[in-house]
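Novice: Below are the C-alpha cells for one structure; questions will follow.
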Protein chains: 2
Amino acid sequence: MGTRYHGKPDEVRALNAFIKLMRATDSISAELSRHVGEAGLTLGQFGVLEALLHLGPMSQGDLGAKLLRSGSNITTVVDNLEKLGLVERTRRQDDRRVVDVALTPKGRTLIARLFPTHARRIVRLFSALTAANQRQLADLCRTLGRSVSETGGDG
Amino acid sequence: MGTRYHGKPDEVRALNAFIKLMRATDSISAELSRHVGEAGLTLGQFGVLEALLHLGPMSQGDLGAKLLRSGSNITTVVDNLEKLGLVERTRRQDDRRVVDVALTPKGRTLIARLFPTHARRIVRLFSALTAANQRQLADLCRTLGRSVSETGGDG
DNA sequence: CATTAATACTTCGAATTCTAATAATTAGAA
DNA sequence: TTCTAATTATTAGAATTCGAAGTATTAATG
C-alpha cells in the first residue's frame, strides 16, 4: 500500500519523462487558460482565433488539422465563436461541402489585442529555461510528436 | 493573409517550444486514449485507477492534487468509476468531510491487467528518443513545470 | 447517366473539465 | 461554548472533446 511503481529501468525512465511532460503541459495550460479566461475566451476558442489571425481564413477541416482537433470539435467551437460574433462562416461556392471560417472585424480586433500579451506570457513562463534549453525542448518534442503521429498505433 | 507570426526572437523561440510541447502532448494523449478506450476507460478514469493501484487508497482531495485536477472533476470521474463498480467511496470516520476512494477487487484486477500494456506502450512511444534524451526531456519539463506552478500568475 | 464511394460538416450522446455556489463538517477565536 | 473560518466534497452550468451516425455535396465507377 502506498508504494510507487517499480518496473524495469526503461519503463521507469519513459514513464518519468511521460509524467513530467504531462504535468508541465497541464501547468502551462492552466496558467494560460486562466488569463485567456479573463477576456471571456477559452483556450480552444483562442487557438481558433489565433490560427485565423496568423494564417488567414480557412476551412473547418484545415482548422482541425492545424489544431489537432476532431471535426465535431471544430464545429462546436466555431459555433460558440459565431454566437459571440467573433468569426463568420461562408459556404464555399466552388465546393459547397466546405465551410470557410474568417475573423469578423470584432474578432480580429479582439485577438490582435490579446495575442501580444499572450505571447509575452509564454515568454515569461519559458524563461525558466535558457534559450538553448528552449530550443532543445522544442527539438525533443518535435522528434517525439513526429514519431508518435507517424508510427501511430502499430509497432 | 496566410502569413505566419513574425515576432521578436525570444518570442519566436518560446512560442515554438510551446507549440511543440503542446502538439507532442496532444499526439501522445490521443494515442494512449485510443488504447485505453478499447478497454472501456477514459484517460482520466485510467489515471485515477493507476494512482490508487500504485499509491493505495486516498481521499478525493489527494487524488486531485496528484492528478492536477479540480475537486469537482474528481467527484465526477469517481462517480463514473463507482457506477462501473471499479472503485468504492468510504466516508472517513475521524473526519467526516473526507471521502476515501479505494479500488474494488474488480477495479484492481482491471487496472493491474491494463497497466503493463500501457507502460510498454509509453516505452515504445518514447523510444524515438535515446535514454539520455528522455532524461533530458524529463529534466526540462520538470524545471518548466516547477517554475510555472511556483511563480504562477505574477512575474 | 446512374450508382457508389469519398469528403466535409453537423448532430447526438457521453465524459471531461472548469468556476462558482452550496452543504456538511471541523477547527479556531471570542 | 458559541460564532466564525477553513476545509472537503457535491451540484449546477457551460465549454471542450471524442466517436459514431447522419446529411449534403462532390468524385469516381460502371
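How things are named: the first chain in the C-alpha cells is A, the next is B, and so on; residues count from 1 in each chain; ligands count from 1 in the order shown.
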So which bits of chain A end up helix (DSSP H, G or I) when you DSSP the backbone, as a PyMOL selection string?

Specialist: chain A and resi 9-38+43-55+60-67+71-83+105-126+131-151

Novice: Could you write out that same residue set with C-alpha atoms as a CSV table (one decimal), in the first residue's frame?

Specialist:
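Output (selection29.csv):
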chain,number,residue,atom,x,y,z
A,9,PRO,CA,14.7,0.8,-15.9
A,10,ASP,CA,13.5,1.6,-19.4
A,11,GLU,CA,9.9,1.7,-18.2
A,12,VAL,CA,10.8,3.9,-15.2
A,13,ARG,CA,12.6,6.2,-17.5
A,14,ALA,CA,9.9,6.5,-20.1
A,15,LEU,CA,7.1,6.8,-17.6
A,16,ASN,CA,9.0,9.5,-15.8
A,17,ALA,CA,9.5,11.5,-19.0
A,18,PHE,CA,5.9,11.0,-19.8
A,19,ILE,CA,4.5,12.2,-16.4
A,20,LYS,CA,6.8,15.2,-16.4
A,21,LEU,CA,5.8,16.1,-19.9
A,22,MET,CA,2.1,15.8,-19.0
A,23,ARG,CA,2.4,17.8,-15.8
A,24,ALA,CA,4.4,20.6,-17.4
A,25,THR,CA,1.8,20.9,-20.1
A,26,ASP,CA,-1.1,20.8,-17.6
A,27,SER,CA,0.5,23.6,-15.6
A,28,ILE,CA,1.1,25.8,-18.6
A,29,SER,CA,-2.3,25.2,-20.0
A,30,ALA,CA,-4.0,26.0,-16.7
A,31,GLU,CA,-2.0,29.2,-16.4
A,32,LEU,CA,-2.7,30.4,-19.9
A,33,SER,CA,-6.3,29.3,-19.6
A,34,ARG,CA,-6.7,31.5,-16.5
A,35,HIS,CA,-5.6,34.6,-18.3
A,36,VAL,CA,-7.4,33.9,-21.6
A,37,GLY,CA,-10.5,33.3,-19.5
A,38,GLU,CA,-10.3,36.9,-18.1
A,43,LEU,CA,-8.0,28.2,-24.9
A,44,GLY,CA,-9.8,26.3,-27.7
A,45,GLN,CA,-11.5,29.5,-28.9
A,46,PHE,CA,-8.3,31.4,-28.6
A,47,GLY,CA,-6.5,28.8,-30.7
A,48,VAL,CA,-9.0,29.1,-33.5
A,49,LEU,CA,-8.9,32.9,-33.5
A,50,GLU,CA,-5.1,32.9,-33.4
A,51,ALA,CA,-4.9,30.5,-36.3
A,52,LEU,CA,-7.2,32.7,-38.3
A,53,LEU,CA,-5.2,35.8,-37.4
A,54,HIS,CA,-1.8,34.4,-38.4
A,55,LEU,CA,-2.8,32.1,-41.3
A,60,GLN,CA,-13.1,23.9,-40.7
A,61,GLY,CA,-11.2,20.8,-41.8
A,62,ASP,CA,-7.9,22.8,-42.1
A,63,LEU,CA,-8.6,24.3,-38.7
A,64,GLY,CA,-8.9,20.8,-37.2
A,65,ALA,CA,-5.7,19.7,-38.9
A,66,LYS,CA,-3.8,22.7,-37.6
A,67,LEU,CA,-5.1,22.4,-34.1
A,71,GLY,CA,-14.1,17.9,-37.0
A,72,SER,CA,-17.0,17.8,-34.5
A,73,ASN,CA,-14.9,19.7,-32.0
A,74,ILE,CA,-14.2,22.5,-34.6
A,75,THR,CA,-17.9,22.7,-35.4
A,76,THR,CA,-18.7,23.2,-31.7
A,77,VAL,CA,-16.0,25.8,-31.1
A,78,VAL,CA,-16.8,27.7,-34.2
A,79,ASP,CA,-20.5,27.6,-33.2
A,80,ASN,CA,-19.6,29.4,-30.0
A,81,LEU,CA,-17.3,31.9,-31.6
A,82,GLU,CA,-20.0,32.7,-34.1
A,83,LYS,CA,-22.5,33.3,-31.3
A,105,PRO,CA,-13.7,42.9,-37.5
A,106,LYS,CA,-14.7,42.4,-33.9
A,107,GLY,CA,-12.9,39.1,-33.7
A,108,ARG,CA,-9.8,40.5,-35.4
A,109,THR,CA,-9.7,43.4,-33.0
A,110,LEU,CA,-10.0,41.1,-30.0
A,111,ILE,CA,-7.4,38.6,-31.0
A,112,ALA,CA,-5.0,41.2,-32.2
A,113,ARG,CA,-5.3,42.9,-28.9
A,114,LEU,CA,-4.9,39.7,-26.8
A,115,PHE,CA,-2.2,37.9,-28.7
A,116,PRO,CA,0.8,40.1,-27.7
A,117,THR,CA,0.0,39.7,-24.1
A,118,HIS,CA,-0.4,36.0,-24.5
A,119,ALA,CA,2.9,35.8,-26.3
A,120,ARG,CA,4.7,37.7,-23.6
A,121,ARG,CA,3.2,35.4,-21.0
A,122,ILE,CA,4.6,32.4,-22.8
A,123,VAL,CA,8.0,34.0,-23.0
A,124,ARG,CA,7.8,34.6,-19.3
A,125,LEU,CA,6.7,31.0,-18.5
A,126,PHE,CA,9.5,29.6,-20.6
A,131,ALA,CA,17.4,29.9,-24.9
A,132,ALA,CA,19.4,26.8,-25.7
A,133,ASN,CA,17.2,24.7,-23.4
A,134,GLN,CA,14.1,26.0,-25.1
A,135,ARG,CA,15.4,25.0,-28.4
A,136,GLN,CA,16.4,21.6,-27.0
A,137,LEU,CA,12.9,21.1,-25.6
A,138,ALA,CA,11.3,22.1,-28.9
A,139,ASP,CA,13.6,19.7,-30.7
A,140,LEU,CA,12.9,16.8,-28.4
A,141,CYS,CA,9.1,17.4,-28.6
A,142,ARG,CA,9.3,17.7,-32.3
A,143,THR,CA,11.0,14.3,-32.6
A,144,LEU,CA,8.6,12.7,-30.1
A,145,GLY,CA,5.5,14.1,-31.7
A,146,ARG,CA,6.5,13.3,-35.2
A,147,SER,CA,7.3,9.7,-34.2
A,148,VAL,CA,4.0,9.3,-32.5
A,149,SER,CA,1.9,10.6,-35.2
A,150,GLU,CA,3.8,8.7,-37.9
A,151,THR,CA,4.1,5.3,-36.3

Novice: Near DA20 (chain D), counting only C-alpha atoms (C1' of nucleotides), which residues have an atom at most 10 Å away, once you skip same-chain residues fewer than 2 positions from it, shown as a PDB file with N, CA and C atoms (P, O5', C5', C4', C3', O3' and C1' of nucleotides), in the first residue's frame?

Specialist:
ATOM      1  P    DC C  12     -29.512  16.642 -32.799  1.00  0.00           P
ATOM      2  O5'  DC C  12     -28.956  15.363 -32.028  1.00  0.00           O
ATOM      3  C5'  DC C  12     -28.745  14.151 -32.753  1.00  0.00           C
ATOM      4  C4'  DC C  12     -28.122  13.097 -31.852  1.00  0.00           C
ATOM      5  C3'  DC C  12     -28.379  13.280 -30.360  1.00  0.00           C
ATOM      6  O3'  DC C  12     -28.669  12.025 -29.795  1.00  0.00           O
ATOM      7  C1'  DC C  12     -26.057  13.151 -30.772  1.00  0.00           C
ATOM      8  P    DG C  13     -29.341  11.954 -28.321  1.00  0.00           P
ATOM      9  O5'  DG C  13     -28.192  11.216 -27.500  1.00  0.00           O
ATOM     10  C5'  DG C  13     -27.620  10.029 -28.033  1.00  0.00           C
ATOM     11  C4'  DG C  13     -26.394   9.661 -27.242  1.00  0.00           C
ATOM     12  C3'  DG C  13     -26.519   9.901 -25.736  1.00  0.00           C
ATOM     13  O3'  DG C  13     -25.918   8.814 -25.063  1.00  0.00           O
ATOM     14  C1'  DG C  13     -24.652  11.045 -26.572  1.00  0.00           C
TER      15       DG C  13
ATOM     16  P    DC D  18     -10.703  16.005 -29.978  1.00  0.00           P
ATOM     17  O5'  DC D  18     -11.443  14.599 -29.880  1.00  0.00           O
ATOM     18  C5'  DC D  18     -11.082  13.706 -28.821  1.00  0.00           C
ATOM     19  C4'  DC D  18     -12.123  12.605 -28.734  1.00  0.00           C
ATOM     20  C3'  DC D  18     -12.468  12.003 -30.086  1.00  0.00           C
ATOM     21  O3'  DC D  18     -11.847  10.742 -30.245  1.00  0.00           O
ATOM     22  C1'  DC D  18     -14.437  12.461 -28.790  1.00  0.00           C
ATOM     23  P    DG D  22     -27.631   6.414 -38.479  1.00  0.00           P
ATOM     24  O5'  DG D  22     -27.698   7.888 -39.088  1.00  0.00           O
ATOM     25  C5'  DG D  22     -28.257   8.936 -38.294  1.00  0.00           C
ATOM     26  C4'  DG D  22     -28.140  10.253 -39.044  1.00  0.00           C
ATOM     27  C3'  DG D  22     -28.581  10.201 -40.508  1.00  0.00           C
ATOM     28  O3'  DG D  22     -29.487  11.262 -40.766  1.00  0.00           O
ATOM     29  C1'  DG D  22     -26.425  11.144 -40.331  1.00  0.00           C
TER      30       DG D  22
END

Novice: Can you list, as a ChimeraX atom specification, every protein, DNA or RNA residue that comes within 10 Å of region 5-14 of chain D when you count only C-alpha atoms (C1' of nucleotides), leaving out same-chain residues fewer than 5 positions away?

Specialist: /B:59-61,71-72,74-76,95-99 /C:18-29

Novice: For chain C, list the residues within 10 Å of chain A, counting only C-alpha atoms (C1' of nucleotides), and write the list as a list in words.

Specialist: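 Putting it all together, I get DT7, DA8, DC9, DT10, DT11 and DC18 of chain C.
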
Novice: Could the residues in this selection be saved with C-alpha atoms (C1' of nucleotides) as a PDB file, in the first residue's frame?

Specialist:
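Here's the written file selection.pdb:
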ATOM      1  C1'  DT C   7     -15.359  14.125 -48.447  1.00  0.00           C
ATOM      2  C1'  DA C   8     -16.944  17.965 -45.302  1.00  0.00           C
ATOM      3  C1'  DC C   9     -19.645  19.164 -41.992  1.00  0.00           C
ATOM      4  C1'  DT C  10     -23.391  18.559 -38.331  1.00  0.00           C
ATOM      5  C1'  DT C  11     -25.781  16.195 -34.692  1.00  0.00           C
ATOM      6  C1'  DC C  18     -13.544  24.331 -15.136  1.00  0.00           C
TER       7       DC C  18
END

Novice: Could you work out how far CA of Thr104 (chain B) lies from CA of Leu86 (chain B), giving the answer in Å with one decimal?

Specialist: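 Those two atoms sit 5.4 Å apart.
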
Novice: Considering only C-alpha atoms (C1' of nucleotides), tabulate each residue of chain D that lies at most 10 Å from chain A along with its nearest interatomic pair and the corresponding distance in Å to one decimal; arrange the rows by chain and ascending residue number and present them as a tab-separated table.

Specialist:
residue	atom	partner	partner_atom	distance
D:DA15	C1'	A:Thr42	CA	7.8
D:DT16	C1'	A:Asn73	CA	7.5
D:DT17	C1'	A:Asn73	CA	6.2
D:DC18	C1'	A:Ser70	CA	7.5
D:DG19	C1'	A:Ser72	CA	9.5
D:DA24	C1'	A:Arg97	CA	7.0
D:DT25	C1'	A:Arg97	CA	5.3
D:DT26	C1'	A:Asp95	CA	7.5

Novice: According to DSSP computed on the backbone, where in region 7-107 of chain A is there strand (DSSP E or B)? Give the residues as a short mmCIF file (atom, residue, chain, number, x, y, z; two decimals) with N, CA and C atoms, in the first residue's frame.

Specialist:
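Writing done, so here's part25.cif:
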data_model
loop_
_atom_site.label_atom_id
_atom_site.label_comp_id
_atom_site.auth_asym_id
_atom_site.auth_seq_id
_atom_site.Cartn_x
_atom_site.Cartn_y
_atom_site.Cartn_z
N MET A 58 -9.73 29.98 -43.29
CA MET A 58 -9.53 28.60 -43.76
C MET A 58 -10.76 27.77 -43.43
N SER A 59 -10.82 26.60 -44.04
CA SER A 59 -11.95 25.70 -43.83
C SER A 59 -11.89 25.10 -42.43
N VAL A 87 -16.31 35.28 -35.32
CA VAL A 87 -15.97 34.69 -36.63
C VAL A 87 -17.25 34.60 -37.45
N GLU A 88 -17.07 34.40 -38.77
CA GLU A 88 -18.23 34.12 -39.61
C GLU A 88 -17.94 32.99 -40.57
N ARG A 89 -19.01 32.24 -40.85
CA ARG A 89 -18.89 31.09 -41.75
C ARG A 89 -19.34 31.50 -43.15
N THR A 90 -18.64 30.94 -44.15
CA THR A 90 -19.07 31.13 -45.53
C THR A 90 -19.01 29.78 -46.25
N ARG A 91 -20.11 29.40 -46.84
CA ARG A 91 -20.07 28.14 -47.59
C ARG A 91 -19.35 28.41 -48.90
N VAL A 99 -16.88 24.67 -45.49
CA VAL A 99 -17.26 25.90 -44.80
C VAL A 99 -15.98 26.65 -44.44
N ASP A 100 -15.83 27.84 -44.98
CA ASP A 100 -14.68 28.67 -44.62
C ASP A 100 -15.01 29.51 -43.41
N VAL A 101 -14.02 29.68 -42.56
CA VAL A 101 -14.18 30.46 -41.34
C VAL A 101 -13.23 31.66 -41.40
N ALA A 102 -13.76 32.83 -41.10
CA ALA A 102 -12.94 34.04 -41.12
C ALA A 102 -13.26 34.88 -39.89
N LEU A 103 -12.28 35.69 -39.48
CA LEU A 103 -12.49 36.61 -38.38
C LEU A 103 -13.46 37.71 -38.81
#

Novice: CA of Gly56 (chain A) and CA of Leu68 (chain A) are how many Å apart?

Specialist: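 Result for CA of Gly56 (chain A) versus CA of Leu68 (chain A): 17.6 Å, one decimal.
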
Novice: Could you pull the residues within 12 Å of DT3 (chain C), counting only C-alpha atoms (C1' of nucleotides), minus those fewer than 3 positions along the same chain, as a VMD selection string?

Specialist: chain D and resid 28 to 30
